[in-house]
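As stored in work_3.txt (compact mmCIF, C-alpha atoms):
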# COMPACT_ATOMS: atom_id res chain seq x y z
CA MET A 133 80.13 88.93 131.61
CA ASN A 134 78.18 92.14 130.93
CA MET A 135 81.40 93.88 130.00
CA PHE A 136 82.29 91.28 127.37
CA ILE A 137 78.81 91.39 125.85
CA LEU A 138 78.93 95.18 125.73
CA PHE A 139 82.44 95.08 124.28
CA GLY A 140 81.27 92.69 121.55
CA ILE A 141 78.34 94.98 120.73
CA LEU A 142 80.69 97.97 120.60
CA ILE A 143 83.05 96.19 118.20
CA SER A 144 80.07 95.20 116.02
CA PHE A 145 78.92 98.81 115.89
CA VAL A 146 82.41 99.96 114.90
CA VAL A 147 82.55 97.39 112.07
CA VAL A 148 79.08 98.37 110.85
CA THR A 149 80.08 102.05 111.03
CA PHE A 150 83.11 101.50 108.80
CA ALA A 151 81.00 99.44 106.38
CA PHE A 152 78.36 102.18 106.26
CA LEU A 153 80.90 104.97 105.78
CA GLY A 154 82.71 103.07 103.05
CA THR A 155 79.51 102.18 101.18
CA TRP A 156 78.02 105.66 101.49
CA THR A 157 81.22 107.43 100.44
CA TYR A 158 81.76 105.16 97.44
CA ARG A 159 78.20 105.59 96.17
CA ASP A 160 78.12 109.31 96.81
CA ALA A 161 81.47 109.88 95.09
CA LYS A 162 80.38 107.70 92.18
CA LYS A 163 77.21 109.73 91.66
CA ARG A 164 79.27 112.92 91.67
CA ASN A 165 81.75 111.49 89.12
CA LEU A 166 84.60 111.70 91.62
CA ASN A 167 87.39 109.16 92.20
CA ALA A 168 85.21 106.88 94.35
CA GLY A 169 87.98 104.46 95.36
CA LEU A 170 90.39 107.20 96.41
CA TRP A 171 87.85 109.15 98.46
CA THR A 172 86.52 106.00 100.13
CA ALA A 173 90.07 105.12 101.22
CA ILE A 174 90.61 108.66 102.56
CA VAL A 175 87.38 108.59 104.58
CA LEU A 176 88.15 105.17 106.10
CA LEU A 177 91.90 105.51 106.70
CA VAL A 178 92.30 109.09 107.91
CA PRO A 179 91.66 108.89 111.70
CA ASN A 180 89.24 110.76 113.96
CA LEU A 181 86.69 111.21 111.16
CA MET A 182 88.99 113.81 109.57
CA GLY A 183 88.72 111.94 106.27
CA LEU A 184 84.95 112.39 106.29
CA ILE A 185 85.31 116.10 107.07
CA ILE A 186 87.82 116.50 104.22
CA TYR A 187 85.40 114.73 101.88
CA PHE A 188 82.60 117.16 102.75
CA LEU A 189 84.77 120.28 102.61
CA VAL A 190 86.81 119.43 99.53
CA ALA A 191 85.49 116.58 97.41
CA ARG A 192 81.82 117.41 97.40
CA LYS A 193 82.59 120.95 96.25
CA ASP A 194 84.46 119.49 93.26
CA GLU A 195 81.43 117.52 92.08
CA MET A 196 81.27 116.99 88.31
CA ILE A 197 78.14 116.35 86.25
CA THR A 198 77.74 115.16 82.66
CA CYS A 199 76.28 117.45 80.00
CA ASN A 200 73.22 115.73 78.54
CA LYS A 201 74.03 117.14 75.10
CA CYS A 202 77.77 116.69 74.45
CA GLY A 203 78.74 114.39 77.31
CA SER A 204 81.41 116.72 78.70
CA MET A 205 82.16 116.83 82.41
CA VAL A 206 81.39 120.21 83.98
CA PRO A 207 81.39 121.50 87.58
CA GLY A 208 78.24 120.56 89.45
CA SER A 209 77.42 124.17 90.29
CA SER A 210 77.28 125.20 86.63
CA ASN A 211 73.99 126.03 84.94
CA TYR A 212 75.36 125.54 81.44
CA CYS A 213 78.02 123.46 79.67
CA MET A 214 81.32 125.26 79.16
CA THR A 215 82.05 123.10 76.09
CA CYS A 216 78.90 123.36 74.01
CA GLY A 217 77.00 126.13 75.81
CA ASN A 218 74.03 123.87 76.55
CA GLU A 219 71.89 125.25 79.38
CA PHE A 220 70.96 122.67 81.97
CA LYS A 221 67.26 122.18 82.18
CA GLU A 222 65.00 121.92 85.17
CA ASP A 223 65.14 118.10 85.22
CA ILE A 224 68.91 118.17 85.77
CA ARG A 225 68.59 120.77 88.51
CA TYR A 226 65.83 118.71 90.12
CA TYR A 227 68.02 115.60 89.98
CA ARG A 228 70.85 117.50 91.66
CA GLU A 229 68.60 118.90 94.44
CA ASN A 230 66.96 115.51 94.99
CA ARG A 231 70.35 113.84 95.30
CA GLU A 232 71.38 116.40 97.93
CA SER A 233 68.18 115.69 99.86
CA ASN A 234 68.83 111.91 99.86
CA SER A 235 72.43 112.43 101.00
CA LYS A 236 71.31 114.65 103.87
CA GLY A 237 68.84 111.99 105.01
CA LEU A 238 71.56 109.36 105.06
CA MET A 239 73.92 111.61 107.00
CA ILE A 240 71.25 112.45 109.59
CA GLY A 241 70.74 108.72 110.07
CA PHE A 242 74.49 108.22 110.46
CA ILE A 243 74.75 111.01 113.04
CA ILE A 244 71.98 109.38 115.12
CA TYR A 245 73.73 106.04 114.76
CA PHE A 246 77.04 107.58 115.85
CA ILE A 247 75.42 109.09 118.95
CA VAL A 248 74.13 105.62 119.88
CA ILE A 249 77.69 104.27 119.59
CA ILE A 250 78.97 106.98 121.92
CA ILE A 251 76.26 106.14 124.48
CA ILE A 252 77.16 102.44 124.34
CA PHE A 253 80.85 103.27 124.73
CA MET A 254 80.12 105.42 127.78
CA GLY A 255 78.13 102.54 129.25
CA PHE A 256 81.07 100.21 128.62
CA VAL A 257 83.48 102.58 130.40
CA LEU A 258 81.04 103.01 133.31
CA ILE A 259 80.73 99.26 133.82
CA VAL A 260 84.51 98.81 133.71
CA PHE A 261 85.18 101.46 136.34
CA ARG A 262 82.29 100.52 138.64
CA ASP A 263 83.04 96.80 138.76
CA GLY A 264 85.86 95.99 141.16
CA ASP A 265 86.80 92.78 139.34
CA LEU A 266 87.00 94.67 136.08
CA LYS A 267 89.10 97.51 137.34
CA ALA A 268 90.80 99.40 134.55
CA HIS A 269 94.57 99.15 134.62
CA SER A 270 95.31 101.52 131.78
CA GLY A 271 98.09 104.04 131.99
CA ILE A 272 101.08 105.51 130.23
CA SER A 273 104.31 103.52 130.04
CA ILE A 274 107.77 104.36 128.72
CA GLY A 275 110.02 101.49 127.69
CA SER A 276 107.54 98.91 128.96
CA ILE A 277 108.08 95.20 128.26
CA GLU A 278 105.83 92.50 129.74
CA ASN A 279 106.17 88.74 129.22
CA ASN A 280 103.55 86.21 130.35
CA ILE A 281 104.75 82.72 129.50
CA GLY A 282 103.45 79.73 131.45
CA ASP A 283 104.47 80.02 135.08
CA LYS A 284 106.67 83.08 134.52
CA TRP A 285 105.80 86.76 134.66
CA ASN A 286 108.38 89.42 133.81
CA VAL A 287 107.84 93.18 133.68
CA SER A 288 110.32 95.96 133.01
CA TYR A 289 109.90 99.65 132.28
CA ILE A 290 111.66 102.99 132.54
CA SER A 291 108.57 104.79 133.80
CA SER A 292 104.91 103.80 134.03
CA THR A 293 101.60 104.82 135.59
CA LYS A 294 100.07 101.49 134.61
CA GLU A 295 99.09 98.79 137.10
CA PHE A 296 100.27 95.43 135.74
CA THR A 297 98.18 92.34 136.53
CA ARG A 298 98.49 88.58 136.29
CA LYS A 299 96.61 85.55 137.64
CA ILE A 300 97.89 82.34 139.19
CA LYS A 301 95.61 79.30 139.27
CA ILE A 302 96.05 77.09 142.32
CA GLU A 303 94.93 73.44 142.28
CA ASP A 304 95.62 71.00 145.12
CA ASN A 305 97.98 73.53 146.75
CA ASN A 306 100.05 73.73 143.60
CA PRO A 307 101.94 75.97 142.94
CA SER A 308 102.96 76.51 146.54
CA ARG A 309 105.83 78.99 146.24
CA LEU A 310 106.29 82.31 144.46
CA TYR A 311 109.81 83.48 143.64
CA ILE A 312 110.58 87.09 142.83
CA GLU A 313 113.60 89.08 141.72
CA SER A 314 113.06 92.82 141.53
CA GLU A 315 114.95 96.01 140.95
CA CYS A 316 113.55 99.51 141.40
CA GLY A 317 115.84 102.43 140.66
CA LYS A 318 113.59 105.05 142.20
CA GLY A 319 110.25 105.35 144.00
CA LYS A 320 108.23 102.54 145.55
CA LEU A 321 107.24 99.17 144.09
CA SER A 322 104.95 96.55 145.60
CA LEU A 323 103.20 93.32 144.65
CA ARG A 324 99.66 92.72 145.91
CA LEU A 325 98.18 89.21 145.94
CA VAL A 326 94.40 88.94 146.26
CA GLN A 327 91.96 86.05 146.52
CA GLY A 328 88.57 86.99 147.89
CA ASP A 329 89.06 88.29 151.43
CA ILE A 330 92.67 87.12 151.56
CA GLU A 331 95.17 89.81 150.62
CA ARG A 332 98.91 90.10 151.00
CA THR A 333 101.30 92.87 149.92
CA ILE A 334 105.01 92.43 149.33
CA ASP A 335 107.17 95.56 149.49
CA LEU A 336 109.61 95.49 146.59
CA SER A 337 111.04 98.95 147.20
CA PRO A 338 114.66 97.92 147.91
CA LYS A 339 116.71 98.61 144.83
CA ASN A 340 117.72 95.03 144.14
CA ASP A 341 116.50 92.01 146.08
CA SER A 342 115.04 88.49 145.88
CA TYR A 343 111.90 87.19 147.58
CA GLU A 344 110.21 83.90 148.24
CA PHE A 345 106.53 83.84 149.15
CA ASP A 346 104.42 80.99 150.52
CA LEU A 347 101.23 80.55 148.47
CA SER A 348 99.72 77.95 150.81
CA ILE A 349 97.67 80.67 152.55
CA PHE A 350 95.46 80.75 149.45
CA LYS A 351 92.72 78.26 148.59
CA ASP A 352 92.29 76.45 145.30
CA GLY A 353 91.29 78.90 142.61
CA GLU A 354 92.64 82.07 141.05
CA VAL A 355 94.98 84.45 142.84
CA LYS A 356 95.28 87.92 141.30
CA LEU A 357 98.66 89.62 141.27
CA TYR A 358 98.94 93.40 141.02
CA LEU A 359 102.34 94.99 140.39
CA ILE A 360 101.98 98.55 141.66
CA GLY A 361 104.50 101.34 141.24
CA ASN A 362 104.41 104.65 143.07
CA ASN A 363 106.69 106.97 141.10
CA ALA A 364 108.76 103.88 140.37
CA LYS A 365 111.50 104.25 137.77
CA ASN A 366 113.80 101.78 135.99
CA VAL A 367 111.87 98.74 137.19
CA LYS A 368 112.89 95.15 136.48
CA PHE A 369 110.54 92.52 137.89
CA LYS A 370 110.92 88.77 137.38
CA SER A 371 108.77 86.09 138.93
CA TYR A 372 107.90 82.40 138.63
CA TRP A 373 105.96 79.90 140.70
CA GLU A 374 106.12 76.18 141.35

Can you dump the structure from the file as structure tokens?
Amino acid sequence: MNMFILFGILISFVVVTFAFLGTWTYRDAKKRNLNAGLWTAIVLLVPNLMGLIIYFLVARKDEMITCNKCGSMVPGSSNYCMTCGNEFKEDIRYYRENRESNSKGLMIGFIIYFIVIIIIFMGFVLIVFRDGDLKAHSGISIGSIENNIGDKWNVSYISSTKEFTRKIKIEDNNPSRLYIESECGKGKLSLRLVQGDIERTIDLSPKNDSYEFDLSIFKDGEVKLYLIGNNAKNVKFKSYWE
């Protein structure tokens, strides 16, 4: 349960992060007379925070301010208006410096917030890998197709380092039989069935074969199935129970 709570918190933090980034970027771009909508979209949609980096390196250098005399837009680094020659007074410079100070404060807060997210994510990963029942089954698959429909479980792939899992719920000794058709072009393939201290492994290494397994050795409750490949290639696995 701890994992699901932590996962929910992590998702909430991610949503809040996007909301914060979008709001901050829009307001900051608006104050600098930039295209606020465009830059907000770039910051949110370009992955790996590259959009935010681009905004800092490119957009903020193109800041435009309004001349308080003629209303023309001039570069933010200018000390006078290129249209009317009006020299910007101390109040405009103070406004510009004060705005920079406020933006820096917001970004420092965001950096702290982002560090907290990373810590929570690391805690989530630690819990997943330390808990046996929550073992991570991630991996890389090529041509992988998995179907879980009712009492059927089919898996096929060209190559995969992933451990595929499924659960069967037994009530009143039903289902009582597990039927398997498997094909493994190369390497070793096996199916492990686990319920508490009871564990059985079926060797599926022969290239093309059918199997029938008695499920009566398990008690009422959930039985976990693990399809494990050791350098297995061109795998086709079909199973159903009744």

Task: For Asp346 of chain A: contacts at 12 Å, all atoms listed in the file, fewer than 3 positions along chain excluded, given as a ChimeraX atom specification - done: /A:305-312,325,332,334,343,349-350,373-374

Per residue of segment 289-347 of chain A within 8 Å of segment 275-283 of chain A, what are the shortest atom pair and its distance in Å to one decimal, counting all atoms listed in the file, with rows by chain and residue number, as a tab-separated table?
residue	atom	partner	partner_atom	distance
A:Tyr289	CA	A:Ser276	CA	4.1
A:Ile290	CA	A:Gly275	CA	5.3
A:Ser291	CA	A:Gly275	CA	7.1
A:Ser292	CA	A:Ser276	CA	7.5

Residues within 7 Å of (99.9, 85.0, 142.9), counting only C-alpha atoms, listed as a short mmCIF file (atom, residue, chain, number, x, y, z; two decimals) with C-alpha atoms, in the coordinates of the input:
data_model
loop_
_atom_site.label_atom_id
_atom_site.label_comp_id
_atom_site.auth_asym_id
_atom_site.auth_seq_id
_atom_site.Cartn_x
_atom_site.Cartn_y
_atom_site.Cartn_z
CA LYS A 299 96.61 85.55 137.64
CA ILE A 300 97.89 82.34 139.19
CA LEU A 325 98.18 89.21 145.94
CA VAL A 355 94.98 84.45 142.84
CA LYS A 356 95.28 87.92 141.30
CA LEU A 357 98.66 89.62 141.27
#

TODO: Kindly give the distance, in Å, that separates atom CA of Leu142 of chain A and atom CA of Ala168 of chain A, rounded to a single decimal.
DONE: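 Atom CA of Ala168 of chain A lies 28.1 Å from atom CA of Leu142 of chain A.
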
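Going from atom CA of Ile244 of chain A over to atom CA of Arg164 of chain A, you cover 24.8 Å.
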
Task: Non-local contacts of Asp335 of chain A (9 Å; only C-alpha atoms; under 4 positions in same chain excluded) as a PyMOL selection string - done: chain A and resi 320-324

Got a sec: who's within 6 Å of segment 301-303 of chain A, counting only C-alpha atoms, leaving out chain neighbours fewer than 5 positions off, as a compact mmCIF listing (two decimals) with C-alpha atoms, in the frame of the given file?
# COMPACT_ATOMS: atom_id res chain seq x y z
CA ASP A 352 92.29 76.45 145.30
CA GLY A 353 91.29 78.90 142.61
CA GLU A 354 92.64 82.07 141.05

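Across A:Met214, A:Val326, A:Ala191, A:Ile249, the tightest approach to Asp160 of chain A is made by A:Ala191 when counting all atoms listed in the file.
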
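Closest approach to Pro179 of chain A among A:Phe150, A:Thr155, A:Thr297, A:Lys162 is made by A:Phe150 (distances from all atoms listed in the file).
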
TODO: Taking (104.8, 105.2, 136.4) in the file's own coordinates, collect the residues within 9 Å, counting all atoms listed in the file, and hand them back as a ChimeraX atom specification.
DONE: /A:271-274,289-295,360-365

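Among the candidates A:Gly140, A:Gly317, A:Gly169, A:Gly328, the one nearest to Asn340 of chain A when counting all atoms listed in the file is A:Gly317.
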
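For the atom pair formed by atom CA of Val367 of chain A and atom CA of Arg298 of chain A, the distance is 16.8 Å, given to one decimal.
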
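When only C-alpha atoms are used to measure the gap to Thr149 of chain A, the shortest distance among A:Thr198, A:Ser348, A:Leu336, A:Ile243 belongs to A:Ile243.
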
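Comparing the minimum interatomic distances between Glu313 of chain A and each of A:Leu189, A:Cys213, A:Val287, A:Leu176, counting only C-alpha atoms, we find that A:Val287 sits nearest.
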
Task: Given all atoms listed in the file as the counted atoms, nearest of A:Tyr372, A:Phe246, A:Tyr187, A:Tyr358 to Lys284 of chain A - done: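 Of all the options, A:Tyr372 lies closest to Lys284 of chain A.
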